[in-house]
Amino acid sequence: MDAEAPLLIADRLTKTYGQRRGCHDVSFSLYEGELLAVVGESGSGKTTLLQCLSTQLVPTSGRVLYRMRDGRTCDLAALSEAERRFLFRTDWGYVHQDPALGLRLSVSAGANVGERLMAIGARHYGHIRRTAAHWLERVEIDKQRIDDRPEFYSGGMRQRLQIARNLVTGPRLIFMDEPTSGLDASVQARLLDLIRRLVYGLRLAAIVVTHDLAVARLLSQRMMVMKDGEVIECGLSDQVLDDPQRPYTQLLVSSILTP
Amino acid sequence: MTPLSYNFAYLDEQTKRMIRRAILKAIAIPGYQVPFASREMPMPYGWGTGGVQITASLLGPDDVLKVIDQGSDDTTNAVSIRKFFAKTAGICTTTLTARATIIQTRHRIPEHPLGEHQILVFQVPIPEPLRFLEARERETRRMHALGDYGVMHVKLYEDIARHGHITTTYDYPVKVAGRYIMAPSPTPKFDNPKMNNCPALQLFGAGREKRIYAIPPYTQVVSLDFEDHPFHPDRHDGVCAWCGADDSFLDEMLTDDRGGRLFVCSDTDHCEQRCNAGHRGLQASASASSGGGNGR
Amino acid sequence: MYVAVKGGERAIDNAHTLLAHARRGDPQVPEITVAQISQQLTLAVDRVMTEGSLYDRELAALAIKQARGDLIEAIFLVRAFRATLPRFGASIPIDTSRIEIRRRISATFKDLPGGQVLGPTFDYTHRLLDPGLATGAPLPDPSTARAGCEPMPRLTDLLAQDELIERSPPENPGARVGDLTREPLEFPAGRDVRLQNLTRGDEGFLLGLGYSTQRGYGRNHPFAAEIRLGDVEVEFFAEEVGFPVPLGRLTVTECDMVNQFRGSATEPPQFTRGYGLTFGHCERKAVAIALVDRALRTRELGEEAMAPAQDEEFVLSHSDNVQASGFVEHLKLPHYVDFQAELGLVRQMRAQAAAPALREATP
């Protein structure tokens, strides 16, 4: 039972669609409390990689290994669907780019946050509601809005609700797919700040896919740069961003608009 | 054209065997919906073909059949189904709950407690308790297989958040033997407690949706709720105008256009037996008399 | 004083007698015969056979008479009858390339081997009501000619020779074919069960869905490659004698649709197919089936399913008009117990709204 062992290991992960490459030969280890950014333009394979890591896609070859709560490291492909779904409900979170995909728009915020608790057996309405209210506060949503449906929330609020919904069962690993794209700059900034505080405060491990280098710099300790399905550069975020080695990375970095 | 002749209770023996196998499987897995190849019956889908197929598969020449709809033996569809079996099986029929060996019912459980020698056959329109939360059959099957019932409690939570209490009044979902969530058919929630630990076998047939499920005798059946919002079997707060019962489910009758109302037992046999035993309500009816009806 | 309602049984018996009289209509008017229906309301009979899944013109005509012309009611009668019939096996698949052609058209080529044969079609009639039909005016004889012996190859076979259209799945005569009337429908559905479902399905429903694909709800660029109408022989392989035995002849209508081409990682672009087959001359139905069949192949062909006609569960669960009418009409059955439960709740909630102090507060 080695708490210093990696939480998640990608081993030569490859996904192809006929002739087309999704991602190719990706390997890395992720430790508890670590936030890894996967950066690339659209078509780079970063979302495919995220979906393979989170078992939403079956890789063409390669493995994903995860250290369960009891200390065993398992090949995720060997888990039954029941075990996978349980992981998703308790130990993992997945924040979609479009919050509508990760929420039930037609039920209240409280029900959205409480659902995972109810799915694992919580049966006291008052407790569920109090827990939901607590998490709404932590993601800086006015808890008076607990009975409002997210269809009446702004984009930024929906995203924060999605995060609360994922955090309520105390997961150890969060996957995020472009969590702030499509939002206003000021809303983005606040949301990024919140994500950073929550992730570090709760000692979560996270893999964040983004095309935005500024997001990577703000959130992550380590990053990987992808192009055409390959990881072309990786390392500590500060180092990669301050001293990019590969021409493509240099190109990306030089195109960031500095305020 | 040659005259047509039918097997005992209409269905051919192969079909009965197929249905009985489905019933056995259902009994082995309480609350689980077993798919079966429902046959086209001489009454429309949605009018009890599932219940009729179960009854037809179980009837033997010595059985005594009772058929009720909304608790009454005399509603048109109950009459129609009873006549169908009288004609195709020639078995004894009755309106007395205590005398029946098989009771086919739509939307009520008899008030009179059932015994180990009896089978209660429910007519079910929508067997899937999650249907209105998740339209897709593939997804609901997966949810049942994985015991993934979070969305059901989300609905109940939502009711309480919006209205202060759970707003389902009939077809109230239950958990059977601690495993499967089941739709009891559109019986009022008042009837839910009767399903728990019942000495009789309870079978549920959905012909159009092609599912059979079962609650074996003496099985635990729990209505879904929250610890701090427990299930309550509601009933109109009143007594039967004919027999005076204060603990049966009551039907409301409109007697005039000035708001006149009468509340009477929905279970006509129960009411009749009480009247025969001397109980009287405030408006004992002139027609509550004819005793138990037996007939072919 | 209120008197309980009894006598449901007598009411039903009286209703049935009244129905029989309503069916007969004015006794001065000659009673319609099954033969008249079969001969002169042919297309109604064809539809009842197709959706009843039973090829028997006389029974279908009888059902139409018994149903007073309500075709869904007639289809129900035929289906219920079919459920009682013993089965002794499955026939050999009919060979539609050997249809004795009465009508054969193609929209994809101006001319093709065997030519365009219009046959008895409404297509080019002017829809003007003809009072002559009311009095029964004599008919001119149809023109005749020697039947040509030019071969009529299937157009899709010709396209397949040039590899322009996707191959039909390889023949597998021994393969098990699903039977919707013997097994409950499960998803995902194989093409065999899907086509059965669509063929038995309500013509109006499929027509609407097919129409929707043409209007942009899941467009697949259909072209009517070929429509054939004619008689074909049905054979049954009898174990006892060791060779196929003819059972009789069926009239069928077949529609081959050629649709949106597509290529893949291994194949250059080819046209794709949709297919429809009906009993009798249910041509509109055959075309609608072909459109919806193709729409439901989106998953198999790697296309995104976005429109109702492409949604397998939606289409196949709601196509059966016997099931649909049963459930829709079941709303006429007494629901006063469930309604009573709802009434109770609404009254309770209204009482609570009027007395806010009693409302269960939320933290």
# chains A, B, ... in the order shown; residues from 1 in each chain; ligands from 1
$ residues_around --residues "stretch 113-117 of chain A" --least-positions-apart "6" --cutoff "8 Å" --atoms "only C-alpha atoms" --output "list in words"
Arg89, Thr90, Ile128, Arg129, Thr131, Ala132, Trp135, Leu161, Ala164, Arg165, Asn166, Val168 and Thr169 of chain A; Gly150, Val151, His153 and Val154 of chain B
$ write_last_selection --atoms "C-alpha atoms" --output "PDB file, in the first residue's frame"
ATOM      1  CA  ARG A  89     -19.627   8.050  -9.095  1.00  0.00           C
ATOM      2  CA  THR A  90     -17.242   8.161  -6.174  1.00  0.00           C
ATOM      3  CA  ILE A 128     -28.458  15.642   1.416  1.00  0.00           C
ATOM      4  CA  ARG A 129     -29.774  19.146   1.159  1.00  0.00           C
ATOM      5  CA  THR A 131     -24.436  18.863   1.962  1.00  0.00           C
ATOM      6  CA  ALA A 132     -25.598  20.243  -1.381  1.00  0.00           C
ATOM      7  CA  TRP A 135     -20.942  22.599  -1.837  1.00  0.00           C
ATOM      8  CA  LEU A 161     -22.433  23.667 -10.416  1.00  0.00           C
ATOM      9  CA  ALA A 164     -19.788  20.907  -7.196  1.00  0.00           C
ATOM     10  CA  ARG A 165     -21.690  17.895  -8.523  1.00  0.00           C
ATOM     11  CA  ASN A 166     -18.395  16.155  -9.139  1.00  0.00           C
ATOM     12  CA  VAL A 168     -19.564  16.004  -3.461  1.00  0.00           C
ATOM     13  CA  THR A 169     -18.319  12.413  -3.046  1.00  0.00           C
TER      14      THR A 169
ATOM     15  CA  GLY B 150     -29.790   7.563  -8.173  1.00  0.00           C
ATOM     16  CA  VAL B 151     -32.088   9.187 -10.678  1.00  0.00           C
ATOM     17  CA  HIS B 153     -34.259   9.440  -5.670  1.00  0.00           C
ATOM     18  CA  VAL B 154     -33.446  12.631  -7.530  1.00  0.00           C
TER      19      VAL B 154
END
$ interface_residues --of "chain A" --to "chain C" --cutoff "9 Å" --atoms "only C-alpha atoms" --output "PDB file with N, CA and C atoms, in the first residue's frame"
ATOM      1  N   TYR A  17      -8.625   5.723 -35.555  1.00  0.00           N
ATOM      2  CA  TYR A  17      -9.906   5.555 -36.247  1.00  0.00           C
ATOM      3  C   TYR A  17      -9.584   5.264 -37.700  1.00  0.00           C
ATOM      4  N   GLY A  18      -9.515   3.988 -38.057  1.00  0.00           N
ATOM      5  CA  GLY A  18      -9.121   3.644 -39.422  1.00  0.00           C
ATOM      6  C   GLY A  18      -7.724   4.186 -39.685  1.00  0.00           C
ATOM      7  N   GLN A  19      -7.611   5.048 -40.675  1.00  0.00           N
ATOM      8  CA  GLN A  19      -6.293   5.634 -40.973  1.00  0.00           C
ATOM      9  C   GLN A  19      -5.955   6.761 -40.016  1.00  0.00           C
ATOM     10  N   ARG A  20      -7.044   7.312 -39.415  1.00  0.00           N
ATOM     11  CA  ARG A  20      -6.827   8.549 -38.656  1.00  0.00           C
ATOM     12  C   ARG A  20      -6.327   8.258 -37.259  1.00  0.00           C
ATOM     13  N   GLY A 126     -32.779  15.913   4.571  1.00  0.00           N
ATOM     14  CA  GLY A 126     -32.167  17.075   5.214  1.00  0.00           C
ATOM     15  C   GLY A 126     -30.653  17.082   5.070  1.00  0.00           C
ATOM     16  N   ARG A 129     -29.576  17.742   1.495  1.00  0.00           N
ATOM     17  CA  ARG A 129     -29.774  19.146   1.159  1.00  0.00           C
ATOM     18  C   ARG A 129     -28.711  20.025   1.795  1.00  0.00           C
ATOM     19  N   ARG A 130     -28.379  19.750   3.037  1.00  0.00           N
ATOM     20  CA  ARG A 130     -27.346  20.542   3.709  1.00  0.00           C
ATOM     21  C   ARG A 130     -25.993  20.361   3.026  1.00  0.00           C
TER      22      ARG A 130
END
$ closest_residue --among "B:Pro30, B:Gly281, B:Gly46, B:Pro233" --to "chain C" --atoms "only C-alpha atoms"
B:Gly46
$ atom_distance --atom1 "atom CA of A:Asp91" --atom2 "atom CA of A:Leu57"
18.6 Å
$ interface_residues --of "chain B" --to "chain A" --cutoff "10 Å" --atoms "only C-alpha atoms" --output "ChimeraX atom specification"
/B:142-143,145-162,224-230
$ write_last_selection --atoms "C-alpha atoms" --output "PDB file, in the first residue's frame"
ATOM      1  CA  ARG B 142     -28.387  -1.100 -17.541  1.00  0.00           C
ATOM      2  CA  MET B 143     -29.539   0.914 -14.564  1.00  0.00           C
ATOM      3  CA  ALA B 145     -28.490  -4.401 -13.819  1.00  0.00           C
ATOM      4  CA  LEU B 146     -26.088  -2.127 -11.967  1.00  0.00           C
ATOM      5  CA  GLY B 147     -28.525  -1.071  -9.265  1.00  0.00           C
ATOM      6  CA  ASP B 148     -27.964   2.475 -10.505  1.00  0.00           C
ATOM      7  CA  TYR B 149     -31.072   4.090  -9.039  1.00  0.00           C
ATOM      8  CA  GLY B 150     -29.790   7.563  -8.173  1.00  0.00           C
ATOM      9  CA  VAL B 151     -32.088   9.187 -10.678  1.00  0.00           C
ATOM     10  CA  MET B 152     -35.173   7.750  -8.927  1.00  0.00           C
ATOM     11  CA  HIS B 153     -34.259   9.440  -5.670  1.00  0.00           C
ATOM     12  CA  VAL B 154     -33.446  12.631  -7.530  1.00  0.00           C
ATOM     13  CA  LYS B 155     -37.080  12.710  -8.574  1.00  0.00           C
ATOM     14  CA  LEU B 156     -38.273  12.211  -4.998  1.00  0.00           C
ATOM     15  CA  TYR B 157     -35.837  14.861  -3.711  1.00  0.00           C
ATOM     16  CA  GLU B 158     -37.106  17.255  -6.342  1.00  0.00           C
ATOM     17  CA  ASP B 159     -40.726  16.696  -5.284  1.00  0.00           C
ATOM     18  CA  ILE B 160     -39.870  17.551  -1.702  1.00  0.00           C
ATOM     19  CA  ALA B 161     -37.840  20.591  -2.717  1.00  0.00           C
ATOM     20  CA  ARG B 162     -40.666  21.892  -4.874  1.00  0.00           C
ATOM     21  CA  LEU B 224     -39.164   4.463  -1.625  1.00  0.00           C
ATOM     22  CA  ASP B 225     -38.797   7.462   0.630  1.00  0.00           C
ATOM     23  CA  PHE B 226     -36.358   9.467   2.723  1.00  0.00           C
ATOM     24  CA  GLU B 227     -35.673   8.837   6.399  1.00  0.00           C
ATOM     25  CA  ASP B 228     -36.960  12.280   7.249  1.00  0.00           C
ATOM     26  CA  HIS B 229     -39.846  12.122   4.762  1.00  0.00           C
ATOM     27  CA  PRO B 230     -41.219   8.646   5.304  1.00  0.00           C
TER      28      PRO B 230
END
$ residues_around --residues "B:Glu252" --least-positions-apart "2" --cutoff "7 Å" --atoms "only C-alpha atoms" --output "number ranges by chain"
B: 250, 254, 261-264
$ select_by_dssp --residues "stretch 59-137 of chain C" --states "alpha helix (DSSP H)" --output "PyMOL selection string"
chain C and resi 59-66+71-82+132-135
$ write_last_selection --atoms "C-alpha atoms" --output "PDB file, in the first residue's frame"
ATOM      1  CA  LEU C  59     -59.619 -13.323 -44.266  1.00  0.00           C
ATOM      2  CA  ALA C  60     -58.369  -9.774 -44.655  1.00  0.00           C
ATOM      3  CA  ALA C  61     -61.512  -8.858 -46.579  1.00  0.00           C
ATOM      4  CA  LEU C  62     -63.673 -10.433 -43.882  1.00  0.00           C
ATOM      5  CA  ALA C  63     -61.778  -8.491 -41.239  1.00  0.00           C
ATOM      6  CA  ILE C  64     -62.425  -5.254 -43.116  1.00  0.00           C
ATOM      7  CA  LYS C  65     -66.129  -6.031 -43.254  1.00  0.00           C
ATOM      8  CA  GLN C  66     -66.231  -6.927 -39.561  1.00  0.00           C
ATOM      9  CA  LEU C  71     -58.329  -0.734 -41.221  1.00  0.00           C
ATOM     10  CA  ILE C  72     -56.462  -0.678 -37.910  1.00  0.00           C
ATOM     11  CA  GLU C  73     -59.334  -2.600 -36.314  1.00  0.00           C
ATOM     12  CA  ALA C  74     -59.172  -5.046 -39.256  1.00  0.00           C
ATOM     13  CA  ILE C  75     -55.404  -5.436 -38.842  1.00  0.00           C
ATOM     14  CA  PHE C  76     -56.003  -6.206 -35.168  1.00  0.00           C
ATOM     15  CA  LEU C  77     -58.514  -8.927 -36.095  1.00  0.00           C
ATOM     16  CA  VAL C  78     -56.059 -10.510 -38.510  1.00  0.00           C
ATOM     17  CA  ARG C  79     -53.199 -10.369 -36.013  1.00  0.00           C
ATOM     18  CA  ALA C  80     -55.288 -11.934 -33.265  1.00  0.00           C
ATOM     19  CA  PHE C  81     -56.263 -14.709 -35.656  1.00  0.00           C
ATOM     20  CA  ARG C  82     -52.692 -15.219 -36.762  1.00  0.00           C
ATOM     21  CA  GLY C 132     -69.210   7.542 -63.572  1.00  0.00           C
ATOM     22  CA  LEU C 133     -67.937   5.198 -60.894  1.00  0.00           C
ATOM     23  CA  ALA C 134     -71.117   5.747 -58.902  1.00  0.00           C
ATOM     24  CA  THR C 135     -73.260   4.340 -61.668  1.00  0.00           C
TER      25      THR C 135
END
$ residues_around --residues "stretch 295-305 of chain C" --least-positions-apart "2" --cutoff "10 Å" --atoms "only C-alpha atoms" --output "ChimeraX atom specification"
/C:188,191,194,209-210,213,217-220,259,262-264,272-274,289-293,307-313,315-316
$ interface_residues --of "chain B" --to "chain C" --cutoff "7 Å" --atoms "only C-alpha atoms" --output "ChimeraX atom specification"
/B:35-37,39-42,44-47,70,74-76,79,138,164,169-170,186-188,208,210,236,251,255,285-287
$ select_by_dssp --residues "stretch 9-136 of chain B" --states "strand (DSSP E)" --output "ChimeraX atom specification"
/B:34-35,64-69,92-94,102-106,119-123
$ write_last_selection --atoms "N, CA and C atoms" --output "short mmCIF file (atom, residue, chain, number, x, y, z; two decimals), in the first residue's frame"
data_model
loop_
_atom_site.label_atom_id
_atom_site.label_comp_id
_atom_site.auth_asym_id
_atom_site.auth_seq_id
_atom_site.Cartn_x
_atom_site.Cartn_y
_atom_site.Cartn_z
N VAL B 34 -39.02 -9.59 -16.62
CA VAL B 34 -38.61 -10.63 -17.57
C VAL B 34 -39.27 -10.37 -18.92
N PRO B 35 -38.49 -10.22 -19.99
CA PRO B 35 -39.13 -10.03 -21.30
C PRO B 35 -39.81 -11.32 -21.74
N VAL B 64 -61.06 -20.90 -9.39
CA VAL B 64 -62.18 -19.96 -9.28
C VAL B 64 -61.60 -18.57 -9.52
N LEU B 65 -62.15 -17.87 -10.50
CA LEU B 65 -61.55 -16.61 -10.96
C LEU B 65 -62.39 -15.41 -10.55
N LYS B 66 -61.71 -14.39 -10.03
CA LYS B 66 -62.34 -13.09 -9.78
C LYS B 66 -61.60 -12.07 -10.64
N VAL B 67 -62.34 -11.16 -11.27
CA VAL B 67 -61.71 -10.11 -12.07
C VAL B 67 -62.25 -8.77 -11.61
N ILE B 68 -61.37 -7.86 -11.26
CA ILE B 68 -61.82 -6.52 -10.84
C ILE B 68 -61.05 -5.44 -11.58
N ASP B 69 -61.72 -4.31 -11.69
CA ASP B 69 -61.12 -3.13 -12.32
C ASP B 69 -61.52 -1.94 -11.46
N CYS B 92 -65.30 -21.67 -12.90
CA CYS B 92 -66.17 -20.91 -12.01
C CYS B 92 -65.61 -19.51 -11.86
N THR B 93 -66.52 -18.54 -11.82
CA THR B 93 -66.09 -17.17 -11.53
C THR B 93 -66.80 -16.72 -10.26
N THR B 94 -66.26 -15.71 -9.60
CA THR B 94 -66.86 -15.24 -8.36
C THR B 94 -66.56 -13.76 -8.17
N ILE B 102 -57.66 -17.33 -8.17
CA ILE B 102 -56.89 -16.37 -8.98
C ILE B 102 -57.71 -15.08 -9.06
N ILE B 103 -57.07 -13.96 -8.76
CA ILE B 103 -57.73 -12.67 -8.86
C ILE B 103 -56.95 -11.83 -9.85
N GLN B 104 -57.61 -11.44 -10.96
CA GLN B 104 -56.96 -10.53 -11.90
C GLN B 104 -57.48 -9.14 -11.61
N THR B 105 -56.57 -8.18 -11.50
CA THR B 105 -56.97 -6.87 -11.05
C THR B 105 -56.34 -5.76 -11.88
N ARG B 106 -57.09 -4.69 -12.02
CA ARG B 106 -56.54 -3.49 -12.64
C ARG B 106 -56.67 -2.36 -11.61
N ILE B 119 -53.53 -16.34 -5.97
CA ILE B 119 -52.59 -15.61 -6.82
C ILE B 119 -53.26 -14.31 -7.25
N LEU B 120 -52.54 -13.22 -7.10
CA LEU B 120 -53.05 -11.92 -7.53
C LEU B 120 -52.32 -11.53 -8.81
N VAL B 121 -53.07 -11.31 -9.89
CA VAL B 121 -52.48 -10.98 -11.19
C VAL B 121 -52.80 -9.52 -11.50
N PHE B 122 -51.76 -8.71 -11.62
CA PHE B 122 -51.95 -7.29 -11.88
C PHE B 122 -51.83 -6.98 -13.37
N GLN B 123 -52.68 -6.10 -13.84
CA GLN B 123 -52.54 -5.57 -15.22
C GLN B 123 -51.66 -4.33 -15.16
#
$ residues_around --residues "B:Ser5" --least-positions-apart "2" --cutoff "12 Å" --atoms "only C-alpha atoms" --output "PyMOL selection string"
(chain B and resi 2-3+7-12+87-88) or (chain C and resi 81+84-85)
$ atom_distance --atom1 "atom CA of B:Ile126" --atom2 "atom CA of C:Ser53"
25.8 Å
